[in-house]
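K.L.:
Dropping the structure in here first, questions after.
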There are 4 protein chains.
Amino acid sequence: MSEPAQPLEGTPAARVLVAGATGFTGALAAQLVWRHPRLELVHLTARSEVGTPLERLYPRYRVPLALEEFDPARADDCDAAIVAYPHGASGPVVAALRERGLKVVDLSADFRLRDPEEYRRWYGEQPSPDLADDAVYGLTELYRERIAGADLVANPGCYPTAALLALAPLAEGGLIEEVVVDAKSGVSGAGRGGGERHHFVSVDENFAPYGTDGHRHQPEIAQELGALGADVPLTFIPHLLPLDQGELVSCYVRTVDERSGEELLELYRKRYGGEPFVELSDLAPGVRDVRDTNMCRIHIPLGDGAGRVVVFAAIDNLWKGASGQAVQNLNLMLGLPEEEGLT
Amino acid sequence: MSEPAQPLEGTPAARVLVAGATGFTGALAAQLVWRHPRLELVHLTARSEVGTPLERLYPRYRVPLALEEFDPARADDCDAAIVAYPHGASGPVVAALRERGLKVVDLSADFRLRDPEEYRRWYGEQPSPDLADDAVYGLTELYRERIAGADLVANPGCYPTAALLALAPLAEGGLIEEVVVDAKSGVSGAGRGGGERHHFVSVDENFAPYGTDGHRHQPEIAQELGALGADVPLTFIPHLLPLDQGELVSCYVRTVDERSGEELLELYRKRYGGEPFVELSDLAPGVRDVRDTNMCRIHIPLGDGAGRVVVFAAIDNLWKGASGQAVQNLNLMLGLPEEEGLT
Amino acid sequence: MSEPAQPLEGTPAARVLVAGATGFTGALAAQLVWRHPRLELVHLTARSEVGTPLERLYPRYRVPLALEEFDPARADDCDAAIVAYPHGASGPVVAALRERGLKVVDLSADFRLRDPEEYRRWYGEQPSPDLADDAVYGLTELYRERIAGADLVANPGCYPTAALLALAPLAEGGLIEEVVVDAKSGVSGAGRGGGERHHFVSVDENFAPYGTDGHRHQPEIAQELGALGADVPLTFIPHLLPLDQGELVSCYVRTVDERSGEELLELYRKRYGGEPFVELSDLAPGVRDVRDTNMCRIHIPLGDGAGRVVVFAAIDNLWKGASGQAVQNLNLMLGLPEEEGLT
Amino acid sequence: MSEPAQPLEGTPAARVLVAGATGFTGALAAQLVWRHPRLELVHLTARSEVGTPLERLYPRYRVPLALEEFDPARADDCDAAIVAYPHGASGPVVAALRERGLKVVDLSADFRLRDPEEYRRWYGEQPSPDLADDAVYGLTELYRERIAGADLVANPGCYPTAALLALAPLAEGGLIEEVVVDAKSGVSGAGRGGGERHHFVSVDENFAPYGTDGHRHQPEIAQELGALGADVPLTFIPHLLPLDQGELVSCYVRTVDERSGEELLELYRKRYGGEPFVELSDLAPGVRDVRDTNMCRIHIPLGDGAGRVVVFAAIDNLWKGASGQAVQNLNLMLGLPEEEGLT
């Protein structure tokens, strides 16, 4: 019953605004900034519940700051922002914050796709096409240096994060001929809306694929695989798990040549050695192993060496798949140690 | 892939309309009538999704009939109806069906409370106060004969069903001095709406009391306990379980005198001997024991004989707590065996 | 509280023994026989809990018969048996029952694999190799006639059931070049043992692949695909879902030529038209859609016609994946309508 | 993939051994000590899995230390210990550690009950009755000063923790005449064993009371209520929730006089003002609100002022109900700030 105060160590490295804090990813971003030893949480904005302390909506996060209406003028006292508005609504907010000089990590899809046609097909008209050119795709382990120098980071989707971390070593090595990504996510990945589809009774004791005629994370994964040199056939099917947080991708790769399991493992060890948030496991990974952490846990069964490789990657969709990675990126953009506030 | 047909045995005993079939209780009522060997399901009505076969909304129930708008004129070809509209909306529909001569079981609260003031306090203006006088309270095990002769049955709420079956033998014996009912229900008991409160992420891995400053099933339980002679202090607190179907009430009774556990057990055995849908168990009852059945499973620990008695009752809130009991009552009203279509 | 009696209609068509009734599949088989209108449940055997009525272990099934030790001599008064012992333990029991002349459906793997080497690799020494030659593989929709004439049916594994129903039309048409089966099952599929791996806390809010270095359902699926003409590369990975009953397979097929989605759908419609327990759905199937039913629900997204076909199949692993199909097969073996007791 | 190192700040305040680290509470205690900025985790002991790094059993906790056999001699390099062995097995280990001079927090029941007869009745022969006299009952908010000066703390059971925090202000004020504690806990509260009772399929979609003929937390609650002056009739019934971590007690109190809700609230505000791990909430508390935290969240509905008071308290059974409170106590015993390592 004592008043909680933000656990800051000395002068904060940056003053931060979190926009869109009533959604799952915005609320977690707020909490991660709140408990971050070097960041000061200054504003929380939302399109509803204005005036309500965030801790009434998300008691577990214990962030006592109240929600405000978004007002770019008030952002002047901040150095950086994490924006968690929905696709389409995010663009203008990001633009306004960039104009005020804030460094921004955007959790929406508004700046992820480089091809405007592709954006239009899945999301409608792109809100700020000019800004899109400046945005750096925020998969930290792939683009660490560019992120460190960026003013605007397009944080990846949760499925692309897991799939690309699972496939990057193979893609960079030019080894992929074709790939199937069978993906499974907990319900928080779908956001706070969804009406009856995400009613407890619809999800409980259920499991089903969705987006089977096309899902918007497909072009994002394809774009980034292509950027790594793997412009290959990609089948992507997401499924909804009856759990809160957690995501697993099972990637079935036909490779251009035959490598032993040990060779593959060595490839992954080299690629991810020293990475603080990627771990190779010799055990099959469960989403529970990474719950409430920023880890991506990868497992490669030894296989038969016949050109068919399976790779599993587990993340917490709200952490490494969204808000955790956003803070990881923000740390880099602000010159802070990448793990600060995330362990 | 063969066309399903209604599994009727000979000429149906009655043609039935189910109103409000998109909700959880209406949909189950529709399925129970559909698979009932002596009832013909003729119309399904709903306020949305008109034209949609019910099996697209509830594939598991496999009822191919399409939803219609409610039109009393079309009810003329029916003998009976189960109405599953929300409180307030149900009254006028029931009135229209009664005018056409249909026997009606109403799943709403519109005809449960005998005191109009009490109704107004919890639900607003009572829609058809005149009809309320004719309605029989449909707790089958208490009012079997009156139900058999009724044209309108007010089906009890799920919590009152479990609580009253747990307490009736004590109440009828004049044994209760005071009672606490600590009740726990799965999410389907709260219906298909509820927005964020019933979003999967709100309920999953959670458990909480609700309605702690007053819940509308309290006066219903109090009214019926009073009718059995137990006009006593009643504390009633419901809690939300992270599961789909299932309800358990734990009843803590201070009794007017001291009886041994064996005496109490004998009391219950006598009261419920021969009841097809009440079972006494010497094991602590789990809601899973009665899932998808019309059973009420009661357990009384032997206790210390010091005037404090605990009684547990488990039901499936959608079955005995709603649609199963509705069919049980409809069977009685139509002169059919009470268990028909329920086992 | 009235004594439940078996709901038989007239003289039973057969008297049935269920062996191994304490496990999940044996208990459900017992319940399905108990409630079957034409079968009389005469004996329940188990290796533990002898003397206990089954309904104390599985209250929801409400089968009051007590468990007995297995004694072939007592089987003389039966016409047929469903055997649900574990792999290895099942063989000798099946042999003893066959000697007494009973028709047998065996739920274990003991008679599924035609190659003894393959059996040895996954399960150890095959207990009754001579009997294996007489056994018919009990995937009803593929081998209906042979099952009808069989004395011993090897009921398929749950994963093979779903995968083969999903793939059979393609396999029979010679269309498969390569296939990945990404399979997900509820915990009941793994049986009642499992120790800490199946402790609630290990599974809850978790999801993980298992058997990633080889799973014994792989050779069973491969054998049967081969029998249908598809001797092709098969990758099979099972995953454990945090739910009780339900199984979904997502099959990724590279086809030998390019067919439109409509052509494929037509192929499936022809193959499964008239099947009582296979349904094609234009909605993505959830395991909840088939819970507690014997249905297999198949969905084929329209796709791009470029030679990559995705097929989903959902079953209840305890029903169509085990005991439901066992009764379906027993019906055929006894000359009864295939759906009897299953709808 | 970088090696994790213990995140210590400067010289550790104490070197710590955790005994019994394979169970749920021992493993969490190990993780809390591991990530504690002022404690050094030196030894982890267990009766099985010796040699295995703890992170293979509990990947999410990421404690790389390996399990050792318990050997008092090796404890010499430690200042303190948390013991998480089962009741009965814990006593001798605690005795050995005390002999070596370590301060000990014991998570078992071995030193909780002051009446040896009572211990014998519920647990069997008390292993180290002499030590029991020195042990301080470790409900921090009640006995903070004595804990700070203690060498051996008997950490409370999870139900007693929640129930006593809910009732202490009333008990201390002499206000309780009689109380019912209806308690509900997630499965981790029951430990890692339990066989079929805690198999996923037994718990999933289920909810049931247990220990209805007497539960060993009853005398513990009664003893401590008595110590606070409330030697009153107590009914205690625990129930098992289908979730992992979380516990809610709903306490129904008949009070000696009538107080308004506001008076009661004031009583609680005074009692718990300044407590870092107790919070009063005007919202009904859910166990999710305190998941993975050391908080106890208390809610008192305003009530009718007629002498019947309801109090709810929610905790995480593994944190405030076990390992979190153990570290809270250890902090006090070592002269560290009480919250260190717990927020």
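By order of appearance in the structure tokens: chains A, B, ..., then residues from 1 within every chain, and ligands from 1 in the order shown.
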For Arg35 of chain C, work out the shell of residues within 9 Å, counting only C-alpha atoms and skipping chain neighbours fewer than 5 positions away, then give it as an MDAnalysis selection string.

P.N.:
chainID C and resid 6:8 30 40:41 63 341

K.L.:
Output C-alpha atoms for every residue in the selection just made, as a PDB file, in the first residue's frame.

P.N.:
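Okay, again-v9.pdb is ready:
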```pdb
ATOM      1  CA  GLN C   6     -28.122 -50.126 -19.995  1.00  0.00           C
ATOM      2  CA  PRO C   7     -30.348 -48.513 -22.636  1.00  0.00           C
ATOM      3  CA  LEU C   8     -30.782 -51.590 -24.820  1.00  0.00           C
ATOM      4  CA  ALA C  30     -16.848 -48.861 -22.439  1.00  0.00           C
ATOM      5  CA  GLU C  40     -24.538 -55.352 -24.329  1.00  0.00           C
ATOM      6  CA  LEU C  41     -21.566 -54.462 -22.182  1.00  0.00           C
ATOM      7  CA  VAL C  63     -21.010 -46.763 -16.446  1.00  0.00           C
ATOM      8  CA  GLY C 341     -24.499 -45.774 -31.096  1.00  0.00           C
TER       9      GLY C 341
END
```

K.L.:
Would you kindly return, as an mmCIF file with N, CA, C and O atoms, in the first residue's frame, each protein, DNA or RNA residue with an atom no farther than 9 Å from any atom of Glu141 of chain A, considering only C-alpha atoms and excluding same-chain residues fewer than 5 positions away?

P.N.:
```cif
data_model
loop_
_atom_site.group_PDB
_atom_site.id
_atom_site.type_symbol
_atom_site.label_atom_id
_atom_site.label_comp_id
_atom_site.auth_asym_id
_atom_site.auth_seq_id
_atom_site.Cartn_x
_atom_site.Cartn_y
_atom_site.Cartn_z
ATOM 1 N N LEU A 165 13.919 -15.342 -37.378
ATOM 2 C CA LEU A 165 15.013 -15.811 -36.532
ATOM 3 C C LEU A 165 15.270 -17.301 -36.770
ATOM 4 O O LEU A 165 16.410 -17.758 -36.752
ATOM 5 N N TYR A 272 24.368 -17.086 -34.149
ATOM 6 C CA TYR A 272 23.722 -16.502 -32.967
ATOM 7 C C TYR A 272 24.621 -16.495 -31.730
ATOM 8 O O TYR A 272 24.164 -16.152 -30.638
ATOM 9 N N GLU A 275 24.494 -13.637 -29.014
ATOM 10 C CA GLU A 275 23.192 -12.953 -28.991
ATOM 11 C C GLU A 275 22.563 -13.097 -27.612
ATOM 12 O O GLU A 275 22.376 -14.223 -27.127
ATOM 13 N N PHE A 277 19.457 -12.589 -26.722
ATOM 14 C CA PHE A 277 18.050 -13.008 -26.705
ATOM 15 C C PHE A 277 17.726 -14.144 -27.671
ATOM 16 O O PHE A 277 16.567 -14.368 -28.012
ATOM 17 N N VAL A 278 18.761 -14.825 -28.147
ATOM 18 C CA VAL A 278 18.518 -16.022 -28.957
ATOM 19 C C VAL A 278 19.255 -17.170 -28.294
ATOM 20 O O VAL A 278 20.430 -17.023 -27.949
#
```

K.L.:
When the cut-off is 6 Å and we count only C-alpha atoms, which residues of chain D are near chain B, given as a list in words?

P.N.:
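Using only C-alpha atoms, chain D residues at most 6 Å from chain B: Glu205, Asn206, Phe207, Ala208, Asp213, Leu243, Pro285, Gly286, Val287, Arg288 and Pro301 of chain D.
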
K.L.:
Pick out the residues sitting within 9 Å of Ala29 of chain B, and hand them over as a PDB file with C-alpha atoms, in the first residue's frame; count only C-alpha atoms, and ignore anything fewer than 5 positions along from it in its own chain.

P.N.:
```
ATOM      1  CA  VAL B  18     -36.636 -22.117 -30.249  1.00  0.00           C
ATOM      2  CA  ALA B  21     -30.922 -19.525 -30.885  1.00  0.00           C
ATOM      3  CA  PHE B  24     -25.255 -20.285 -25.774  1.00  0.00           C
ATOM      4  CA  TRP B  34     -33.193 -31.428 -32.704  1.00  0.00           C
ATOM      5  CA  ILE B  82     -38.259 -22.460 -25.654  1.00  0.00           C
ATOM      6  CA  ALA B  84     -33.786 -17.787 -24.869  1.00  0.00           C
ATOM      7  CA  TRP B 319     -27.655 -28.122 -19.180  1.00  0.00           C
ATOM      8  CA  ALA B 322     -30.496 -23.759 -18.430  1.00  0.00           C
ATOM      9  CA  SER B 323     -31.358 -25.658 -21.609  1.00  0.00           C
ATOM     10  CA  GLY B 324     -31.299 -29.200 -20.252  1.00  0.00           C
ATOM     11  CA  ALA B 326     -35.833 -26.410 -20.092  1.00  0.00           C
ATOM     12  CA  VAL B 327     -36.249 -29.633 -22.083  1.00  0.00           C
TER      13      VAL B 327
END
```

K.L.:
Which of these residues is nearest to Asp257 of chain B, using only C-alpha atoms: B:Leu44, B:Ala306, B:Ala230, B:Ala148?

P.N.:
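For Asp257 of chain B, the nearest of the candidates is B:Ala306.
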
K.L.:
Record the distance separating atom CA of Ile176 of chain B and atom CA of Ile298 of chain B, expressed in Å with one decimal.

P.N.:
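If I compute the distance from atom CA of Ile176 of chain B to atom CA of Ile298 of chain B, I get 17.5 Å.
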
K.L.:
Leaving out Glu125 of chain C and any residue of its chain fewer than 5 positions from it, which residues lie within 9 Å of it when counting only C-alpha atoms, given as an MDAnalysis selection string?

P.N.:
chainID C and resid 88 116 119:120

K.L.:
Keeping all heavy atoms, export the residues of the selection given above as an mmCIF file, in the first residue's frame.

P.N.:
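The resulting file, part13.cif, is shown below:
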```cif
data_model
loop_
_atom_site.group_PDB
_atom_site.id
_atom_site.type_symbol
_atom_site.label_atom_id
_atom_site.label_comp_id
_atom_site.auth_asym_id
_atom_site.auth_seq_id
_atom_site.Cartn_x
_atom_site.Cartn_y
_atom_site.Cartn_z
ATOM 1 N N GLY C 88 2.227 -53.927 -26.847
ATOM 2 C CA GLY C 88 3.000 -55.006 -26.244
ATOM 3 C C GLY C 88 2.148 -55.835 -25.306
ATOM 4 O O GLY C 88 2.141 -57.073 -25.378
ATOM 5 N N PRO C 116 7.554 -56.426 -39.713
ATOM 6 C CA PRO C 116 7.955 -56.730 -38.334
ATOM 7 C C PRO C 116 9.189 -55.935 -37.902
ATOM 8 O O PRO C 116 9.334 -55.580 -36.727
ATOM 9 C CB PRO C 116 8.274 -58.236 -38.370
ATOM 10 C CG PRO C 116 7.663 -58.757 -39.628
ATOM 11 C CD PRO C 116 7.572 -57.621 -40.587
ATOM 12 N N TYR C 119 8.000 -52.662 -36.736
ATOM 13 C CA TYR C 119 7.392 -52.789 -35.412
ATOM 14 C C TYR C 119 8.481 -52.845 -34.343
ATOM 15 O O TYR C 119 8.428 -52.138 -33.330
ATOM 16 C CB TYR C 119 6.501 -54.029 -35.309
ATOM 17 C CG TYR C 119 5.798 -54.116 -33.969
ATOM 18 C CD1 TYR C 119 4.518 -53.590 -33.806
ATOM 19 C CD2 TYR C 119 6.428 -54.677 -32.856
ATOM 20 C CE1 TYR C 119 3.882 -53.617 -32.562
ATOM 21 C CE2 TYR C 119 5.800 -54.713 -31.618
ATOM 22 C CZ TYR C 119 4.532 -54.188 -31.470
ATOM 23 O OH TYR C 119 3.913 -54.208 -30.247
ATOM 24 N N ARG C 120 9.476 -53.692 -34.599
ATOM 25 C CA ARG C 120 10.541 -53.892 -33.605
ATOM 26 C C ARG C 120 11.264 -52.577 -33.312
ATOM 27 O O ARG C 120 11.590 -52.293 -32.162
ATOM 28 C CB ARG C 120 11.537 -54.938 -34.138
ATOM 29 C CG ARG C 120 12.469 -55.497 -33.078
ATOM 30 C CD ARG C 120 13.263 -56.683 -33.597
ATOM 31 N NE ARG C 120 12.373 -57.788 -33.958
ATOM 32 C CZ ARG C 120 12.373 -58.402 -35.140
ATOM 33 N NH1 ARG C 120 13.210 -58.036 -36.086
ATOM 34 N NH2 ARG C 120 11.516 -59.392 -35.381
#
```

K.L.:
DSSP on the backbone: what in segment 111-199 of chain A comes out strand (DSSP E), as JSON, numbers by chain?

P.N.:
{"A": [136, 137, 152, 153, 154, 176, 177, 178, 179, 180, 181, 182, 183, 184, 185]}

K.L.:
So how far away is atom CA of Val187 of chain B from atom CA of Arg197 of chain D, in Å?

P.N.:
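Computed distance, atom CA of Arg197 of chain D to atom CA of Val187 of chain B, equals 23.7 Å.
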
K.L.:
Show which residues sit within 8 Å of Gly321 of chain A, as a compact mmCIF listing (two decimals) with all heavy atoms, in the first residue's frame. Count only C-alpha atoms, and ignore same-chain residues fewer than 6 positions away.

P.N.:
```txt
# COMPACT_ATOMS: atom_id res chain seq x y z
N PRO A 156 8.90 -5.51 -36.10
CA PRO A 156 8.32 -6.60 -36.89
C PRO A 156 7.07 -7.20 -36.26
O PRO A 156 6.83 -7.06 -35.06
CB PRO A 156 9.43 -7.66 -36.90
CG PRO A 156 10.67 -6.97 -36.50
CD PRO A 156 10.24 -5.85 -35.60
N GLY A 157 6.27 -7.83 -37.08
CA GLY A 157 5.16 -8.62 -36.58
C GLY A 157 5.66 -9.80 -35.77
O GLY A 157 6.84 -10.18 -35.87
N CYS A 158 4.78 -10.39 -34.95
CA CYS A 158 5.24 -11.46 -34.07
C CYS A 158 5.62 -12.71 -34.88
O CYS A 158 6.66 -13.33 -34.64
CB CYS A 158 4.19 -11.78 -33.01
SG CYS A 158 2.55 -12.16 -33.64
N TYR A 159 4.77 -13.09 -35.85
CA TYR A 159 5.11 -14.27 -36.66
C TYR A 159 6.40 -14.05 -37.45
O TYR A 159 7.29 -14.92 -37.45
CB TYR A 159 3.97 -14.61 -37.61
CG TYR A 159 2.75 -15.21 -36.95
CD1 TYR A 159 1.49 -14.66 -37.16
CD2 TYR A 159 2.84 -16.34 -36.14
CE1 TYR A 159 0.35 -15.21 -36.58
CE2 TYR A 159 1.72 -16.89 -35.56
CZ TYR A 159 0.47 -16.33 -35.78
OH TYR A 159 -0.65 -16.88 -35.20
N THR A 161 8.92 -12.20 -36.68
CA THR A 161 10.05 -12.27 -35.76
C THR A 161 10.50 -13.71 -35.54
O THR A 161 11.68 -14.05 -35.69
CB THR A 161 9.67 -11.64 -34.40
OG1 THR A 161 9.45 -10.23 -34.58
CG2 THR A 161 10.77 -11.84 -33.37
N ALA A 162 9.55 -14.56 -35.19
CA ALA A 162 9.91 -15.96 -34.91
C ALA A 162 10.38 -16.66 -36.17
O ALA A 162 11.39 -17.38 -36.17
CB ALA A 162 8.72 -16.69 -34.29
N ILE A 315 8.79 -17.96 -29.11
CA ILE A 315 8.92 -16.64 -28.48
C ILE A 315 7.67 -16.36 -27.66
O ILE A 315 6.66 -17.05 -27.79
CB ILE A 315 9.10 -15.51 -29.52
CG1 ILE A 315 7.87 -15.43 -30.46
CG2 ILE A 315 10.37 -15.67 -30.32
CD1 ILE A 315 7.84 -14.21 -31.36
```

K.L.:
Could you find all residues in segment 62-302 of chain B that DSSP calls helix (DSSP H, G or I) from the backbone, and write them as a PyMOL selection string?

P.N.:
chain B and resi 72-77+90-99+116-123+129-134+140-148+158-172+187-190+195-198+200-203+217-227+261-272+287-290

K.L.:
Name the closest residue to Arg74 of chain D among the candidates D:Leu17, D:Pro129, D:Glu118, D:Glu258; distances are taken between atoms, counting only C-alpha atoms.

P.N.:
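Looking at the shortest contact to Arg74 of chain D, the residue is D:Leu17.
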
K.L.:
Would you compute the distance between atom CA of Asn329 of chain C and atom CA of Val179 of chain C? Give it in Å to one decimal.

P.N.:
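Atom CA of Asn329 of chain C sits 28.1 Å away from atom CA of Val179 of chain C.
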
K.L.:
Pro64 of chain A: which residues within 7 Å, counting only C-alpha atoms, same-chain residues fewer than 6 positions away excluded, as a list of chain:residue names?

P.N.:
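What passes the distance filter is A:Pro53, A:Leu54, A:Glu55.
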
K.L.:
Next, the residues of the selection above should be written as a short mmCIF file (atom, residue, chain, number, x, y, z; two decimals), in the first residue's frame with N, CA, C and O atoms.

P.N.:
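The result, stored in part-v2.cif:
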```cif
data_model
loop_
_atom_site.label_atom_id
_atom_site.label_comp_id
_atom_site.auth_asym_id
_atom_site.auth_seq_id
_atom_site.Cartn_x
_atom_site.Cartn_y
_atom_site.Cartn_z
N PRO A 53 -5.92 5.43 -14.53
CA PRO A 53 -4.55 4.90 -14.35
C PRO A 53 -4.44 3.54 -15.04
O PRO A 53 -5.38 2.73 -14.97
N LEU A 54 -3.33 3.32 -15.69
CA LEU A 54 -3.18 2.07 -16.44
C LEU A 54 -3.37 0.85 -15.54
O LEU A 54 -3.87 -0.18 -15.97
N GLU A 55 -2.99 0.98 -14.26
CA GLU A 55 -3.05 -0.18 -13.37
C GLU A 55 -4.48 -0.62 -13.05
O GLU A 55 -4.69 -1.69 -12.50
#
```

K.L.:
With only C-alpha atoms as the counted atoms, please give the residues lying no more than 10 Å from Arg146 of chain D, apart from itself and same-chain residues fewer than 4 positions off, as a PyMOL selection string.

P.N.:
chain D and resi 135-138+140+142+150-151+153+332-333
